[in-house]
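**Student:** File name data_6.txt; file contents compact mmCIF, C-alpha atoms; full text below.
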# COMPACT_ATOMS: atom_id res chain seq x y z
CA MET S 1201 78.60 123.07 76.83
CA THR S 1202 75.26 124.32 78.11
CA ARG S 1203 73.15 123.47 81.10
CA LEU S 1204 69.79 124.48 82.46
CA PHE S 1205 69.66 126.70 85.51
CA LYS S 1206 67.41 129.12 87.28
CA VAL S 1207 68.34 132.40 88.89
CA PRO S 1208 65.45 134.04 90.81
CA GLY S 1209 63.91 136.81 88.72
CA ASP S 1210 65.89 135.72 85.66
CA GLU S 1211 63.08 134.70 83.31
CA PRO S 1212 63.67 134.88 79.53
CA GLN S 1213 62.30 137.98 77.82
CA THR S 1214 62.61 139.42 74.32
CA LEU S 1215 63.06 142.72 72.57
CA ILE S 1216 62.89 143.68 68.90
CA VAL S 1217 66.02 144.99 67.20
CA GLY S 1218 66.27 146.40 63.69
CA ASP S 1219 63.76 147.58 61.10
CA GLY S 1220 61.99 146.08 58.11
CA LYS S 1221 63.53 142.87 56.82
CA GLY S 1222 66.36 143.29 59.32
CA GLN S 1223 64.03 143.13 62.31
CA ARG S 1224 64.65 140.23 64.71
CA ARG S 1225 63.59 139.06 68.17
CA ILE S 1226 66.45 138.96 70.65
CA ALA S 1227 66.11 136.82 73.77
CA TYR S 1228 67.67 138.03 77.00
CA ARG S 1229 67.69 137.26 80.69
CA THR S 1230 68.02 139.87 83.39
CA ALA S 1231 68.01 139.47 87.15
CA LEU S 1232 67.51 142.68 89.09
CA SER S 1233 68.99 143.23 92.52
CA GLY S 1234 67.22 144.69 95.50
CA THR S 1235 70.39 146.57 96.41
CA ALA S 1236 70.18 150.24 95.51
CA ASN S 1237 72.84 151.46 93.05
CA ALA S 1238 74.40 147.99 92.82
CA THR S 1239 76.75 147.51 89.88
CA GLY S 1240 75.30 145.18 87.25
CA LEU S 1241 77.12 142.59 85.16
CA PHE S 1242 76.56 142.56 81.40
CA TRP S 1243 77.63 139.34 79.66
CA LEU S 1244 78.69 139.09 76.00
CA SER S 1245 79.06 135.57 74.62
CA GLY S 1246 81.54 134.28 72.08
CA PHE S 1247 81.09 133.13 68.50
CA MET S 1248 78.66 130.17 68.32
CA SER S 1249 78.07 130.39 72.09
CA ASP S 1250 75.01 131.56 74.01
CA MET S 1251 73.66 132.79 77.33
CA ALA S 1252 73.29 129.23 78.67
CA SER S 1253 77.03 128.50 78.43
CA THR S 1254 79.03 127.45 81.46
CA LYS S 1255 80.66 130.84 82.04
CA ALA S 1256 77.50 132.86 81.36
CA VAL S 1257 75.56 130.78 83.87
CA ALA S 1258 78.37 130.95 86.44
CA VAL S 1259 78.51 134.76 86.19
CA ALA S 1260 74.72 135.05 86.63
CA GLU S 1261 74.80 132.78 89.68
CA TRP S 1262 77.79 134.64 91.16
CA ALA S 1263 75.95 137.95 90.73
CA ALA S 1264 72.71 136.61 92.22
CA ALA S 1265 74.54 135.29 95.27
CA ARG S 1266 75.89 138.80 95.92
CA GLY S 1267 72.74 140.79 95.25
CA LEU S 1268 74.04 142.18 91.95
CA PRO S 1269 71.95 142.62 88.79
CA SER S 1270 73.00 140.65 85.71
CA THR S 1271 72.00 140.73 82.06
CA ARG S 1272 72.87 138.44 79.16
CA PHE S 1273 71.36 137.69 75.79
CA ASP S 1274 71.64 135.55 72.69
CA TYR S 1275 72.89 137.17 69.49
CA SER S 1276 70.65 136.59 66.49
CA GLY S 1277 71.31 133.14 65.09
CA HIS S 1278 72.46 131.95 68.51
CA GLY S 1279 70.61 130.19 71.31
CA VAL S 1280 66.92 131.06 71.33
CA SER S 1281 67.07 134.38 69.47
CA ASP S 1282 65.67 134.79 65.95
CA GLY S 1283 67.37 134.31 62.64
CA PRO S 1284 69.73 131.93 60.86
CA PHE S 1285 73.32 131.98 62.06
CA THR S 1286 74.52 132.64 58.51
CA ASP S 1287 72.84 136.07 58.53
CA GLY S 1288 75.08 137.09 61.41
CA THR S 1289 77.77 139.76 61.17
CA ILE S 1290 79.84 141.74 63.65
CA GLY S 1291 77.79 144.86 62.89
CA ARG S 1292 74.52 143.01 63.41
CA TRP S 1293 75.62 141.52 66.72
CA LEU S 1294 77.06 144.85 67.87
CA GLU S 1295 73.69 146.50 67.15
CA GLU S 1296 72.01 143.87 69.32
CA ALA S 1297 74.52 144.31 72.15
CA CYS S 1298 73.96 148.06 72.07
CA ALA S 1299 70.17 147.64 72.09
CA VAL S 1300 70.17 145.29 75.07
CA PHE S 1301 72.67 147.41 77.00
CA THR S 1302 70.86 150.72 76.46
CA ARG S 1303 67.27 149.43 76.67
CA VAL S 1304 67.52 146.77 79.39
CA THR S 1305 70.33 147.69 81.79
CA THR S 1306 70.30 150.62 84.21
CA GLY S 1307 72.92 152.08 86.49
CA PRO S 1308 76.63 151.22 86.59
CA GLN S 1309 77.73 148.12 84.72
CA VAL S 1310 80.77 145.89 84.32
CA ILE S 1311 80.90 144.30 80.88
CA ILE S 1312 82.28 140.77 80.63
CA GLY S 1313 83.11 139.51 77.14
CA SER S 1314 84.35 136.07 76.17
CA SER S 1315 86.31 135.53 72.93
CA MET S 1316 84.28 137.30 70.21
CA GLY S 1317 82.34 138.85 73.09
CA GLY S 1318 85.57 140.60 74.08
CA HIS S 1319 85.73 142.17 70.63
CA ILE S 1320 82.05 143.17 70.82
CA ALA S 1321 82.66 144.65 74.29
CA LEU S 1322 85.43 146.92 72.99
CA LEU S 1323 83.37 147.94 69.96
CA LEU S 1324 80.36 148.64 72.20
CA LEU S 1325 82.42 150.85 74.49
CA ARG S 1326 83.90 152.73 71.52
CA LYS S 1327 80.47 153.17 69.93
CA LEU S 1328 78.88 154.49 73.11
CA LEU S 1329 81.78 156.85 73.80
CA ARG S 1330 81.26 158.34 70.35
CA GLU S 1331 77.47 158.30 70.11
CA GLN S 1332 75.91 157.95 73.56
CA PRO S 1333 78.35 159.24 76.18
CA ALA S 1334 75.78 159.10 78.98
CA ASP S 1335 75.46 155.35 78.50
CA ALA S 1336 79.23 154.97 78.11
CA GLN S 1337 79.64 156.67 81.48
CA ARG S 1338 77.71 153.83 83.11
CA ILE S 1339 80.44 151.34 82.12
CA LYS S 1340 82.75 151.00 85.12
CA GLY S 1341 85.12 148.55 83.48
CA LEU S 1342 85.55 145.52 81.25
CA VAL S 1343 86.66 141.96 81.94
CA LEU S 1344 87.73 140.21 78.75
CA ILE S 1345 88.34 136.48 78.43
CA ALA S 1346 90.65 135.58 75.50
CA PRO S 1347 89.42 138.64 73.57
CA ALA S 1348 89.22 137.86 69.85
CA TRP S 1349 89.70 141.45 68.68
CA ASP S 1350 89.33 141.98 64.90
CA MET S 1351 88.42 138.30 64.79
CA THR S 1352 87.09 138.10 61.25
CA GLU S 1353 90.26 139.58 59.76
CA GLU S 1354 93.07 138.57 62.12
CA LEU S 1355 91.89 135.15 63.29
CA MET S 1356 89.90 134.08 60.25
CA TRP S 1357 90.72 135.64 56.88
CA LYS S 1358 94.47 136.04 57.46
CA ARG S 1359 94.77 132.47 58.76
CA PHE S 1360 92.68 130.82 56.05
CA GLY S 1361 94.34 128.98 53.20
CA ASP S 1362 93.57 129.43 49.51
CA GLU S 1363 90.81 126.80 49.52
CA ALA S 1364 88.93 128.46 52.38
CA ARG S 1365 89.24 131.92 50.84
CA ARG S 1366 88.06 130.61 47.48
CA ALA S 1367 85.01 129.00 49.10
CA ILE S 1368 84.10 132.29 50.78
CA LEU S 1369 84.56 134.39 47.65
CA GLU S 1370 82.99 131.99 45.15
CA ARG S 1371 80.38 130.08 47.16
CA GLY S 1372 79.78 132.64 49.88
CA VAL S 1373 80.56 130.30 52.79
CA TYR S 1374 83.34 128.14 54.19
CA GLU S 1375 82.65 125.37 56.69
CA GLN S 1376 85.46 125.83 59.21
CA PRO S 1377 86.26 122.69 61.24
CA SER S 1378 85.81 123.16 64.98
CA ALA S 1379 87.18 121.30 67.97
CA TYR S 1380 83.95 122.15 69.81
CA GLY S 1381 81.43 120.37 67.58
CA SER S 1382 79.96 120.91 64.11
CA PRO S 1383 81.87 123.05 61.59
CA TYR S 1384 81.39 126.81 61.80
CA PRO S 1385 79.90 128.40 58.65
CA ILE S 1386 82.06 131.43 57.85
CA THR S 1387 80.20 133.60 55.36
CA ARG S 1388 81.39 136.22 52.95
CA GLY S 1389 79.04 138.67 54.65
CA LEU S 1390 80.68 138.02 58.02
CA ILE S 1391 84.16 138.68 56.62
CA GLU S 1392 83.26 141.75 54.58
CA ASP S 1393 81.13 143.37 57.29
CA GLY S 1394 83.87 142.67 59.83
CA ARG S 1395 86.14 145.07 57.95
CA ASN S 1396 83.77 147.89 58.90
CA HIS S 1397 84.26 147.10 62.60
CA LEU S 1398 87.99 146.76 63.15
CA LEU S 1399 90.02 148.18 65.99
CA ALA S 1400 92.86 147.92 63.45
CA ARG S 1401 95.61 148.52 66.00
CA GLU S 1402 94.66 152.19 66.25
CA PRO S 1403 95.30 153.71 69.71
CA PHE S 1404 92.16 153.53 71.82
CA ASP S 1405 91.86 154.87 75.35
CA PRO S 1406 88.99 153.03 77.06
CA GLY S 1407 89.00 155.48 79.93
CA ARG S 1408 88.24 152.79 82.53
CA PRO S 1409 89.89 149.61 83.83
CA ILE S 1410 90.12 146.55 81.61
CA ALA S 1411 91.13 143.17 83.03
CA ILE S 1412 92.08 140.45 80.54
CA LEU S 1413 92.33 136.71 81.25
CA GLN S 1414 94.35 134.75 78.69
CA GLY S 1415 95.29 131.08 78.59
CA LEU S 1416 98.77 130.37 77.28
CA GLN S 1417 97.60 127.07 75.77
CA ASP S 1418 94.83 128.74 73.74
CA PRO S 1419 94.97 127.66 70.06
CA ASP S 1420 92.01 129.84 69.00
CA VAL S 1421 93.06 133.22 70.40
CA PRO S 1422 96.83 133.00 70.80
CA ALA S 1423 98.49 134.79 73.71
CA ALA S 1424 100.48 136.91 71.22
CA HIS S 1425 97.19 138.21 69.78
CA THR S 1426 96.03 139.33 73.22
CA ARG S 1427 99.38 140.85 74.11
CA GLU S 1428 99.17 142.95 70.97
CA LEU S 1429 95.81 144.28 72.13
CA THR S 1430 97.42 145.61 75.30
CA GLU S 1431 99.86 147.61 73.16
CA PHE S 1432 97.24 149.78 71.45
CA LEU S 1433 94.84 150.15 74.38
CA THR S 1434 96.23 153.36 75.84
CA GLY S 1435 95.85 155.22 79.12
CA GLY S 1436 97.40 152.66 81.45
CA HIS S 1437 94.07 150.98 82.23
CA VAL S 1438 94.84 147.38 81.21
CA LYS S 1439 95.69 144.45 83.45
CA LEU S 1440 96.66 141.18 81.71
CA VAL S 1441 96.44 137.91 83.65
CA GLU S 1442 98.07 134.99 81.81
CA ILE S 1443 97.20 131.44 82.85
CA ALA S 1444 100.04 129.03 82.08
CA ASP S 1445 97.90 125.90 81.62
CA GLY S 1446 94.76 127.69 80.46
CA GLU S 1447 93.10 126.89 77.14
CA HIS S 1448 90.47 128.84 75.23
CA ARG S 1449 87.33 128.31 77.26
CA LEU S 1450 88.78 129.09 80.70
CA SER S 1451 85.77 127.52 82.40
CA ARG S 1452 87.50 125.26 84.95
CA PRO S 1453 86.83 126.05 88.63
CA GLN S 1454 90.24 127.70 89.01
CA ASP S 1455 89.61 129.81 85.88
CA LEU S 1456 86.22 130.91 87.16
CA ALA S 1457 87.78 131.84 90.51
CA LEU S 1458 90.19 134.18 88.68
CA LEU S 1459 87.32 135.60 86.66
CA PHE S 1460 85.25 136.33 89.75
CA GLU S 1461 88.25 137.90 91.45
CA GLU S 1462 88.67 140.39 88.58
CA ILE S 1463 84.94 141.10 88.37
CA GLY S 1464 84.90 141.64 92.13
CA ARG S 1465 87.67 144.24 91.89
CA LEU S 1466 85.69 146.29 89.37
CA VAL S 1467 82.36 145.91 91.18
Show me, as structure tokens, the structure contained in the file I just sent.

**Tutor:**
Amino acid sequence: MTRLFKVPGDEPQTLIVGDGKGQRRIAYRTALSGTANATGLFWLSGFMSDMASTKAVAVAEWAAARGLPSTRFDYSGHGVSDGPFTDGTIGRWLEEACAVFTRVTTGPQVIIGSSMGGHIALLLLRKLLREQPADAQRIKGLVLIAPAWDMTEELMWKRFGDEARRAILERGVYEQPSAYGSPYPITRGLIEDGRNHLLAREPFDPGRPIAILQGLQDPDVPAAHTRELTEFLTGGHVKLVEIADGEHRLSRPQDLALLFEEIGRLV
């Protein structure tokens, strides 16, 4: 579900990511605060979602009401950014997240990732810790909503039946039915590239707080999947909040209240 909104100073802008044939225009919105050294919020959307979604808008409005900067963007193939969705891969979307984070945001940031955005958030943190530690140091913490870690392998390939796998291998795409609208095209490129970007249950110390919100009625990212994530995130930084009647989107008023509470703790 999307809706139009307007946050003062939050006009759409673009930046170019990639080179040659891989170059694409990424749309983003950023609202800067007048408060010196205020912690910014950096939003990462889920698979087939965009920066005009209910939660993305709510986070931007919550930040604006408190004088906090916020930044969000559309992955390529999503929303108003360039490119067909079927060109998308985890590596491509991670590159875009890294570009927007390092080129648009300044100062301390809290990253908020929903579903696939939770996976991208963890990959972004790991990438920056390895390659750009000064930027990694700006990340104060993460808030993850039903984080779909290793999504392409754990929640797609391993759950697909023979017919779906055959379609991906032989035709290059499988149209996965969705409860949220039109089928999702799952491409061979998405699956194969995803294997280059797995957390793979290897111990990972994020080095800063991570709060996770998980609905126990979520059919897309099961609670057991999220609980397993807490077992290989080391260092004692993780807080898991389980919502007994919560489903995947967690966009009801009571869900948003919990989200803002956790963001507020990190800010």

**Student:** Hey, what's within 12 Å of S:Asp1335 if we count all atoms listed in the file and toss same-chain stuff fewer than 5 positions away? As a list in words, please?

**Tutor:**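 What passes the distance filter is Cys1298, Ala1299, Val1300, Phe1301, Thr1302, Arg1303, Val1304, Thr1305, Thr1306, Gly1307, Pro1308, Gln1309, Leu1324, Leu1325, Arg1326, Lys1327, Leu1328, Leu1329, Arg1330 and Lys1340 of chain S.
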
**Student:** With C-alpha atoms retained, could you export that selection as a PDB file, keeping the file's coordinate frame?

**Tutor:**
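Output file again04.pdb follows:
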ATOM      1  CA  CYS S1298      73.960 148.060  72.070  1.00  0.00           C
ATOM      2  CA  ALA S1299      70.170 147.640  72.090  1.00  0.00           C
ATOM      3  CA  VAL S1300      70.170 145.290  75.070  1.00  0.00           C
ATOM      4  CA  PHE S1301      72.670 147.410  77.000  1.00  0.00           C
ATOM      5  CA  THR S1302      70.860 150.720  76.460  1.00  0.00           C
ATOM      6  CA  ARG S1303      67.270 149.430  76.670  1.00  0.00           C
ATOM      7  CA  VAL S1304      67.520 146.770  79.390  1.00  0.00           C
ATOM      8  CA  THR S1305      70.330 147.690  81.790  1.00  0.00           C
ATOM      9  CA  THR S1306      70.300 150.620  84.210  1.00  0.00           C
ATOM     10  CA  GLY S1307      72.920 152.080  86.490  1.00  0.00           C
ATOM     11  CA  PRO S1308      76.630 151.220  86.590  1.00  0.00           C
ATOM     12  CA  GLN S1309      77.730 148.120  84.720  1.00  0.00           C
ATOM     13  CA  LEU S1324      80.360 148.640  72.200  1.00  0.00           C
ATOM     14  CA  LEU S1325      82.420 150.850  74.490  1.00  0.00           C
ATOM     15  CA  ARG S1326      83.900 152.730  71.520  1.00  0.00           C
ATOM     16  CA  LYS S1327      80.470 153.170  69.930  1.00  0.00           C
ATOM     17  CA  LEU S1328      78.880 154.490  73.110  1.00  0.00           C
ATOM     18  CA  LEU S1329      81.780 156.850  73.800  1.00  0.00           C
ATOM     19  CA  ARG S1330      81.260 158.340  70.350  1.00  0.00           C
ATOM     20  CA  LYS S1340      82.750 151.000  85.120  1.00  0.00           C
TER      21      LYS S1340
END

**Student:** Need the shell around S:Pro1269: protein/DNA/RNA residues with any atom at most 9 Å away, counting only C-alpha atoms. Skip same-chain ones fewer than 4 positions apart. Format as JSON, numbers by chain?

**Tutor:** {"S": [1230, 1231, 1232, 1233, 1234, 1235, 1238, 1239, 1240, 1241, 1242, 1260, 1263, 1264, 1305, 1309]}

**Student:** Keeping only C-alpha atoms, write the selected residues to a file as a PDB file, in the frame of the given file.

**Tutor:**
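The new file out-v3.pdb reads:
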ATOM      1  CA  THR S1230      68.020 139.870  83.390  1.00  0.00           C
ATOM      2  CA  ALA S1231      68.010 139.470  87.150  1.00  0.00           C
ATOM      3  CA  LEU S1232      67.510 142.680  89.090  1.00  0.00           C
ATOM      4  CA  SER S1233      68.990 143.230  92.520  1.00  0.00           C
ATOM      5  CA  GLY S1234      67.220 144.690  95.500  1.00  0.00           C
ATOM      6  CA  THR S1235      70.390 146.570  96.410  1.00  0.00           C
ATOM      7  CA  ALA S1238      74.400 147.990  92.820  1.00  0.00           C
ATOM      8  CA  THR S1239      76.750 147.510  89.880  1.00  0.00           C
ATOM      9  CA  GLY S1240      75.300 145.180  87.250  1.00  0.00           C
ATOM     10  CA  LEU S1241      77.120 142.590  85.160  1.00  0.00           C
ATOM     11  CA  PHE S1242      76.560 142.560  81.400  1.00  0.00           C
ATOM     12  CA  ALA S1260      74.720 135.050  86.630  1.00  0.00           C
ATOM     13  CA  ALA S1263      75.950 137.950  90.730  1.00  0.00           C
ATOM     14  CA  ALA S1264      72.710 136.610  92.220  1.00  0.00           C
ATOM     15  CA  THR S1305      70.330 147.690  81.790  1.00  0.00           C
ATOM     16  CA  GLN S1309      77.730 148.120  84.720  1.00  0.00           C
TER      17      GLN S1309
END

**Student:** Which residue is closest to S:Met1356? Choose from S:Gly1394, S:Leu1322, S:Leu1450, S:Ala1379 and count all atoms listed in the file.

**Tutor:**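 Comparing S:Gly1394, S:Leu1322, S:Leu1450, S:Ala1379 against S:Met1356, the winner is S:Gly1394.
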
**Student:** Please return as number ranges by chain every residue within 7 Å of (91.8, 132.9, 77.2), taking into account only C-alpha atoms and the file's own coordinates.

**Tutor:** S: 1345-1346, 1413-1415, 1418, 1421, 1446-1450

**Student:** I'd like the contact shell of S:Trp1357 - 10 Å cut-off, all atoms listed in the file, skipping same-chain residues fewer than 3 positions apart - returned as a ChimeraX atom specification.

**Tutor:** /S:1351-1354,1360-1361,1364-1365,1368,1386,1391-1392

**Student:** With a distance cut-off of 7 Å and only C-alpha atoms, select the neighbouring residues of S:Pro1409, excluding the residue or stretch itself and same-chain residues fewer than 2 positions from it, and output the selection as a PyMOL selection string.

**Tutor:** chain S and resi 1341-1342+1411+1437-1438

**Student:** Take the residues that were just selected and, keeping C-alpha atoms, output them as an mmCIF file, keeping the file's coordinate frame.

**Tutor:**
data_model
loop_
_atom_site.group_PDB
_atom_site.id
_atom_site.type_symbol
_atom_site.label_atom_id
_atom_site.label_comp_id
_atom_site.auth_asym_id
_atom_site.auth_seq_id
_atom_site.Cartn_x
_atom_site.Cartn_y
_atom_site.Cartn_z
ATOM 1 C CA GLY S 1341 85.120 148.550 83.480
ATOM 2 C CA LEU S 1342 85.550 145.520 81.250
ATOM 3 C CA ALA S 1411 91.130 143.170 83.030
ATOM 4 C CA HIS S 1437 94.070 150.980 82.230
ATOM 5 C CA VAL S 1438 94.840 147.380 81.210
#

**Student:** Grab the atom CA of S:Ala1424 to atom CA of S:Gly1313 distance for me, in Å with one decimal place.

**Tutor:**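 Taking atom CA of S:Ala1424 and atom CA of S:Gly1313, their separation equals 18.5 Å.
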
**Student:** Using all atoms listed in the file, determine which residues lie at most 10 Å from S:Gly1436, disregarding the query and same-chain residues fewer than 6 positions distant; provide the list as a ChimeraX atom specification.

**Tutor:** /S:1405-1410,1430

**Student:** Go ahead and compute the interatomic distance for atom CA of S:Ile1311 and atom CA of S:Val1343, in Å to one decimal.

**Tutor:**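 Result for atom CA of S:Ile1311 versus atom CA of S:Val1343: 6.3 Å, one decimal.
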
**Student:** Distance atom CA of S:Ser1315-atom CA of S:Ala1348, one decimal place?

**Tutor:**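 Between atom CA of S:Ser1315 and atom CA of S:Ala1348 the gap works out to 4.8 Å.
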
**Student:** For stretch 1280-1393 of chain S against stretch 1246-1257 of chain S, with a cut-off of 7 Å and counting all atoms listed in the file, what is the closest atom pair and its distance in Å to one decimal for every residue that makes the cut, ordered by chain and number, as JSON lines?

**Tutor:**
{"residue": "S:Ser1314", "atom": "CA", "partner": "S:Gly1246", "partner_atom": "CA", "distance": 5.3}
{"residue": "S:Ser1315", "atom": "CA", "partner": "S:Gly1246", "partner_atom": "CA", "distance": 5.0}
{"residue": "S:Met1316", "atom": "CA", "partner": "S:Gly1246", "partner_atom": "CA", "distance": 4.5}
{"residue": "S:Gly1317", "atom": "CA", "partner": "S:Gly1246", "partner_atom": "CA", "distance": 4.7}

**Student:** Between S:Ile1216, S:Val1467, S:Asp1282, S:Leu1344, which is the closest to S:Val1441 once you count only C-alpha atoms?

**Tutor:**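 Smallest distance to S:Val1441 is found for S:Leu1344.
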
**Student:** Which is closer to S:Tyr1275 than all the others in S:Pro1419, S:Gly1291, S:Gly1435, S:Pro1347, using only C-alpha atoms?

**Tutor:**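 Result for the nearest residue to S:Tyr1275: S:Gly1291.
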
**Student:** Given only C-alpha atoms as the basis, pick out the residue of S:Trp1243, S:Glu1370, S:Gly1288, S:Lys1439 nearest to S:Arg1465.

**Tutor:**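 So, comparing all the options, the nearest one is S:Lys1439.
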
**Student:** Which residue out of S:Phe1460, S:Tyr1374, S:Phe1404, S:Phe1273 has the minimum interatomic distance to S:Phe1432 when only C-alpha atoms are used?

**Tutor:**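 Result for the nearest residue to S:Phe1432: S:Phe1404.
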